[in-house]
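To start, the structure itself, in structure tokens.
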Amino acid sequence: MADKPDIEMGKTFTALVRIHEANCGIDYPTDEEHNFRLAIMKKLGLQLGLSEVRDLGVSGPGGKGAQRPARSS
């Protein structure tokens with residue numbers, strides 16, 4: 001992505017942030033949704049140059065996150 005013009009890069013970064021915000025609105029994500037959320041977070045961290053995510057890879061299954069409450073009959 002480094003070879004893209006700054007204007008195009010900004011649009012891509014903003015889109016990733018919006019996708020991440022939408023994913024964080026899912027209260028009880030499935031394993032796939034949770035892994036996707038992690039992948040977006042890692043991509044954002046890499047684009048921001050955060051050293052904490054530089055050596056991380058995306059592998060599943062991710063953590064379970066908050067568990068859906070049991071339904072009452």
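Letters A, B, ... mark the chains of the structure tokens in the order given; residue numbers begin at 1 per chain; ligand numbers begin at 1, in order shown.
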
Q: Pick out the residues sitting within 9 Å of Glu33 in chain A, and hand them over as a ChimeraX atom specification; count only C-alpha atoms, and ignore anything fewer than 5 positions along from it in its own chain.
A: /A:23,26,38

Output file for the residues above (C-alpha atoms, as a CSV table (one decimal), in the first residue's frame):
chain,number,residue,atom,x,y,z
A,23,ASN,CA,-17.4,-5.0,13.7
A,26,ILE,CA,-21.4,-6.9,17.1
A,38,LEU,CA,-8.6,-9.2,14.9

Q: Just the residues within 12 Å of range 44-46 of chain A, please, counting only C-alpha atoms, with nothing from its chain fewer than 2 positions along; format it as a ChimeraX atom specification.
A: /A:1-2,10,12-21,37-42,48-57
